[in-house]
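Chemist: I'd like to ask you about the structure that follows.
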Amino acid sequence: MASLSIDNNVYNFKVVLLGEGCVGKTSVALRYVEDKFNDKHISTEPTIQASYLRKKLNINGKRINLAIWDTAGQEKFHSLGPIYYRMSNGAILVYDITDKASFQKVKDWVKELKKIVGSDICLVIAGNKVDLEKERNVSSDEAEEYAKQVGAAHFNTSAKLNQNIEEVFFDLTRCMMVHADEVQNNLTKTNNSRRNVVVVEDETEESQSTKSSCCSSQRS
C-alpha cells in the first residue's frame, strides 16, 4: 500500500513518472515544475537512473507538496524501478503516441505498480508528443479504453506545446487528495469505535461460587 502524509491540512505526496526512454517523461516534468522545454534534451540527454523535483500547490485552501520522481526508461535501469516507485501515492505513465511499443510497455508498468505498490495507487496515462499528431501510431480511443479498464485517467499531452501538462498533474493530485481523505476518515472512525468499546470481564469461578453460596443461605 502507498504511504501518505497529512499534517495540519498539508498533503505530502510522492509521484513517479514511468515509461520507456525518450517518450518525454523529463520534458513533461520540467514543463510542469519549471515551465521549461528543451528540444535538444530529448535526444541527447536520457535520464540516468532517476531525478527528483518538487512542486507546491494550493487547492481549495489546502496545501500540497509533490515529490516528483522522474525515472530512467532504459531497459538496463528497469530493475531499479521499484526503488523509486515503492511507497508512491500516484504515478504518471507516459508513452509516445508515435511509438506503439511504448504504449504496450505502459501496460507492463501498470501491472508491476499494482503488484508492488497496491491497487489503491492513483494513475494517469499520458499520450505524449501530440505535436507529432500526423505520425500517431496509438489511437486515442484505444488508449482511453485501456485507461478505463485499469481505473486511470488518460490525457493527450505535448510538453513542447505545453498541452494538458497542468491537467495531468491536477487530475492526479485531486485523486490522491480524495484517497488520502478517505484513508484519514477511516482511521478516525476506527479510533472512535475503539474508544467506545467497553470491556466486560467474565466473572471468575470464585465470585460465581460466592454468589451461589449466598443465595443458598438466604433461601434456607
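Please note that chains go A, B, ... in the order of the C-alpha cells, that every chain numbers its residues from 1, and that ligands are numbered from 1 in the order shown.
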May I have the residues within 12 Å of range 135-141 of chain A as a ChimeraX atom specification, using only C-alpha atoms and disregarding those fewer than 6 positions away in the same chain?
Modeler: /A:95-104,125-129,147-148,154-157
Chemist: Give me, as a list in words, all polymer residues having an atom no more than 8 Å from range 59-66 of chain A, counting only C-alpha atoms and skipping those fewer than 4 positions away in the same chain.
Modeler: Asn9, Val10, Tyr11, Asn12, Phe13, Lys14, Val15, Arg54 and Lys55 of chain A
Chemist: Neighbouring residues of range 110-122 of chain A were defined as those with any atom within 10 Å, considering only C-alpha atoms; residues of the same chain fewer than 5 positions away were excluded. Please report them as a PyMOL selection string.
Modeler: chain A and resi 1-3+15+18+81-82+85-93+105+150-153+171-179
Chemist: Include N, CA, C and O atoms and write out the residues we just selected as a CSV table (one decimal), in the first residue's frame.
Modeler:
```csv
chain,number,residue,atom,x,y,z
A,1,MET,N,0.8,-1.2,0.0
A,1,MET,CA,0.0,0.0,0.0
A,1,MET,C,0.9,1.2,0.0
A,1,MET,O,1.9,1.3,0.7
A,2,ALA,N,0.5,2.3,-0.7
A,2,ALA,CA,1.2,3.5,-0.8
A,2,ALA,C,1.1,4.3,0.5
A,2,ALA,O,0.1,4.2,1.2
A,3,SER,N,2.2,5.0,0.9
A,3,SER,CA,2.2,5.8,2.1
A,3,SER,C,1.6,7.2,1.8
A,3,SER,O,1.6,7.6,0.6
A,15,VAL,N,5.1,11.2,-6.2
A,15,VAL,CA,4.6,10.9,-7.6
A,15,VAL,C,5.8,10.4,-8.4
A,15,VAL,O,6.9,10.9,-8.3
A,18,LEU,N,6.7,7.1,-15.1
A,18,LEU,CA,7.2,5.9,-15.7
A,18,LEU,C,7.0,5.8,-17.1
A,18,LEU,O,6.0,6.4,-17.6
A,81,GLY,N,13.7,0.2,-10.9
A,81,GLY,CA,12.4,0.9,-10.8
A,81,GLY,C,11.7,0.8,-9.4
A,81,GLY,O,11.3,1.9,-8.8
A,82,PRO,N,11.6,-0.4,-8.8
A,82,PRO,CA,10.9,-0.5,-7.5
A,82,PRO,C,11.5,0.4,-6.4
A,82,PRO,O,10.8,0.8,-5.5
A,85,TYR,N,9.7,3.8,-7.2
A,85,TYR,CA,8.2,3.9,-7.2
A,85,TYR,C,7.5,3.2,-6.0
A,85,TYR,O,6.3,3.4,-5.8
A,86,ARG,N,8.3,2.5,-5.2
A,86,ARG,CA,7.7,1.9,-4.0
A,86,ARG,C,7.3,3.1,-3.0
A,86,ARG,O,7.9,4.1,-2.9
A,87,MET,N,6.1,2.9,-2.4
A,87,MET,CA,5.5,3.9,-1.5
A,87,MET,C,5.0,5.1,-2.2
A,87,MET,O,4.8,6.2,-1.6
A,88,SER,N,4.8,5.1,-3.5
A,88,SER,CA,4.3,6.2,-4.2
A,88,SER,C,2.8,6.3,-4.0
A,88,SER,O,2.1,5.3,-3.9
A,89,ASN,N,2.3,7.6,-4.0
A,89,ASN,CA,0.8,7.8,-3.9
A,89,ASN,C,0.2,7.9,-5.3
A,89,ASN,O,-1.0,7.6,-5.5
A,90,GLY,N,1.0,8.3,-6.3
A,90,GLY,CA,0.4,8.4,-7.6
A,90,GLY,C,1.5,8.2,-8.7
A,90,GLY,O,2.7,8.3,-8.4
A,91,ALA,N,1.1,7.8,-9.9
A,91,ALA,CA,2.0,7.6,-11.0
A,91,ALA,C,1.5,8.1,-12.3
A,91,ALA,O,0.3,8.1,-12.6
A,92,ILE,N,2.4,8.7,-13.1
A,92,ILE,CA,2.1,9.2,-14.4
A,92,ILE,C,2.8,8.3,-15.4
A,92,ILE,O,4.0,8.2,-15.3
A,93,LEU,N,2.1,7.5,-16.2
A,93,LEU,CA,2.7,6.6,-17.1
A,93,LEU,C,2.6,7.3,-18.5
A,93,LEU,O,1.6,7.5,-19.1
A,105,LYS,N,4.3,-1.0,-23.4
A,105,LYS,CA,5.1,-1.0,-22.2
A,105,LYS,C,4.4,-0.4,-21.0
A,105,LYS,O,4.6,-0.9,-19.8
A,150,VAL,N,-8.2,0.0,-16.3
A,150,VAL,CA,-7.3,-0.1,-15.1
A,150,VAL,C,-7.6,1.1,-14.1
A,150,VAL,O,-6.8,1.3,-13.2
A,151,GLY,N,-8.7,1.8,-14.4
A,151,GLY,CA,-9.1,2.8,-13.4
A,151,GLY,C,-8.2,4.1,-13.5
A,151,GLY,O,-8.0,4.7,-12.4
A,152,ALA,N,-7.6,4.4,-14.6
A,152,ALA,CA,-6.8,5.5,-14.8
A,152,ALA,C,-7.4,6.6,-15.7
A,152,ALA,O,-8.3,6.3,-16.5
A,153,ALA,N,-7.0,7.8,-15.5
A,153,ALA,CA,-7.4,8.9,-16.4
A,153,ALA,C,-6.4,8.9,-17.6
A,153,ALA,O,-5.3,8.5,-17.4
A,171,ASP,N,-5.2,16.5,-12.1
A,171,ASP,CA,-6.1,15.3,-12.0
A,171,ASP,C,-5.5,14.3,-11.1
A,171,ASP,O,-6.2,13.7,-10.2
A,172,LEU,N,-4.2,14.0,-11.2
A,172,LEU,CA,-3.6,13.1,-10.3
A,172,LEU,C,-3.6,13.6,-8.9
A,172,LEU,O,-3.9,12.8,-7.9
A,173,THR,N,-3.3,14.8,-8.7
A,173,THR,CA,-3.3,15.4,-7.3
A,173,THR,C,-4.7,15.3,-6.7
A,173,THR,O,-4.8,15.0,-5.5
A,174,ARG,N,-5.7,15.6,-7.4
A,174,ARG,CA,-7.1,15.6,-6.9
A,174,ARG,C,-7.4,14.1,-6.5
A,174,ARG,O,-8.0,13.9,-5.4
A,175,CYS,N,-7.0,13.2,-7.3
A,175,CYS,CA,-7.3,11.8,-7.0
A,175,CYS,C,-6.6,11.4,-5.7
A,175,CYS,O,-7.1,10.7,-4.8
A,176,MET,N,-5.3,11.8,-5.5
A,176,MET,CA,-4.5,11.5,-4.3
A,176,MET,C,-5.1,12.1,-3.1
A,176,MET,O,-5.2,11.5,-2.0
A,177,MET,N,-5.7,13.3,-3.2
A,177,MET,CA,-6.3,14.0,-2.1
A,177,MET,C,-7.5,13.3,-1.6
A,177,MET,O,-7.8,13.1,-0.4
A,178,VAL,N,-8.4,12.9,-2.6
A,178,VAL,CA,-9.6,12.1,-2.3
A,178,VAL,C,-9.3,10.8,-1.6
A,178,VAL,O,-9.9,10.5,-0.5
A,179,HIS,N,-8.3,10.1,-2.1
A,179,HIS,CA,-7.9,8.9,-1.5
A,179,HIS,C,-7.3,9.1,-0.1
A,179,HIS,O,-7.7,8.4,0.9
```
Chemist: I want to know what sits within 9 Å of Lys36 in chain A, based on only C-alpha atoms, with residues of the same chain fewer than 2 positions away left out; could you give that as number ranges by chain?
Modeler: A: 27, 30-34, 38, 159-160
Chemist: Those residues you just picked out, can you put them in a file as a PDB file, in the first residue's frame with N, CA, C and O atoms?
Modeler:
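Final file, out-v8.pdb:
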```pdb
ATOM      1  N   SER A  27      10.741  15.869 -20.008  1.00  0.00           N
ATOM      2  CA  SER A  27      10.180  17.090 -20.591  1.00  0.00           C
ATOM      3  C   SER A  27       8.838  17.439 -19.954  1.00  0.00           C
ATOM      4  O   SER A  27       8.544  18.611 -19.699  1.00  0.00           O
ATOM      5  N   LEU A  30       9.651  18.744 -16.328  1.00  0.00           N
ATOM      6  CA  LEU A  30      10.256  20.077 -16.344  1.00  0.00           C
ATOM      7  C   LEU A  30       9.271  21.144 -16.816  1.00  0.00           C
ATOM      8  O   LEU A  30       9.285  22.275 -16.320  1.00  0.00           O
ATOM      9  N   ARG A  31       8.425  20.787 -17.767  1.00  0.00           N
ATOM     10  CA  ARG A  31       7.415  21.745 -18.222  1.00  0.00           C
ATOM     11  C   ARG A  31       6.468  22.083 -17.080  1.00  0.00           C
ATOM     12  O   ARG A  31       6.075  23.247 -16.891  1.00  0.00           O
ATOM     13  N   TYR A  32       6.104  21.085 -16.300  1.00  0.00           N
ATOM     14  CA  TYR A  32       5.169  21.316 -15.197  1.00  0.00           C
ATOM     15  C   TYR A  32       5.809  22.103 -14.054  1.00  0.00           C
ATOM     16  O   TYR A  32       5.233  23.071 -13.556  1.00  0.00           O
ATOM     17  N   VAL A  33       6.991  21.691 -13.635  1.00  0.00           N
ATOM     18  CA  VAL A  33       7.616  22.293 -12.450  1.00  0.00           C
ATOM     19  C   VAL A  33       8.271  23.639 -12.758  1.00  0.00           C
ATOM     20  O   VAL A  33       8.152  24.595 -11.995  1.00  0.00           O
ATOM     21  N   GLU A  34       8.969  23.726 -13.906  1.00  0.00           N
ATOM     22  CA  GLU A  34       9.744  24.926 -14.207  1.00  0.00           C
ATOM     23  C   GLU A  34       9.273  25.663 -15.458  1.00  0.00           C
ATOM     24  O   GLU A  34       9.845  26.698 -15.818  1.00  0.00           O
ATOM     25  N   ASN A  38      13.203  21.876 -23.650  1.00  0.00           N
ATOM     26  CA  ASN A  38      14.445  21.907 -24.405  1.00  0.00           C
ATOM     27  C   ASN A  38      14.430  20.790 -25.439  1.00  0.00           C
ATOM     28  O   ASN A  38      14.515  19.619 -25.091  1.00  0.00           O
ATOM     29  N   ALA A 159       4.608  18.190 -24.161  1.00  0.00           N
ATOM     30  CA  ALA A 159       5.476  19.035 -23.347  1.00  0.00           C
ATOM     31  C   ALA A 159       5.969  20.216 -24.175  1.00  0.00           C
ATOM     32  O   ALA A 159       6.141  21.323 -23.663  1.00  0.00           O
ATOM     33  N   LYS A 160       6.163  19.979 -25.448  1.00  0.00           N
ATOM     34  CA  LYS A 160       6.656  21.032 -26.347  1.00  0.00           C
ATOM     35  C   LYS A 160       5.661  22.179 -26.448  1.00  0.00           C
ATOM     36  O   LYS A 160       6.033  23.358 -26.369  1.00  0.00           O
TER      37      LYS A 160
END
```
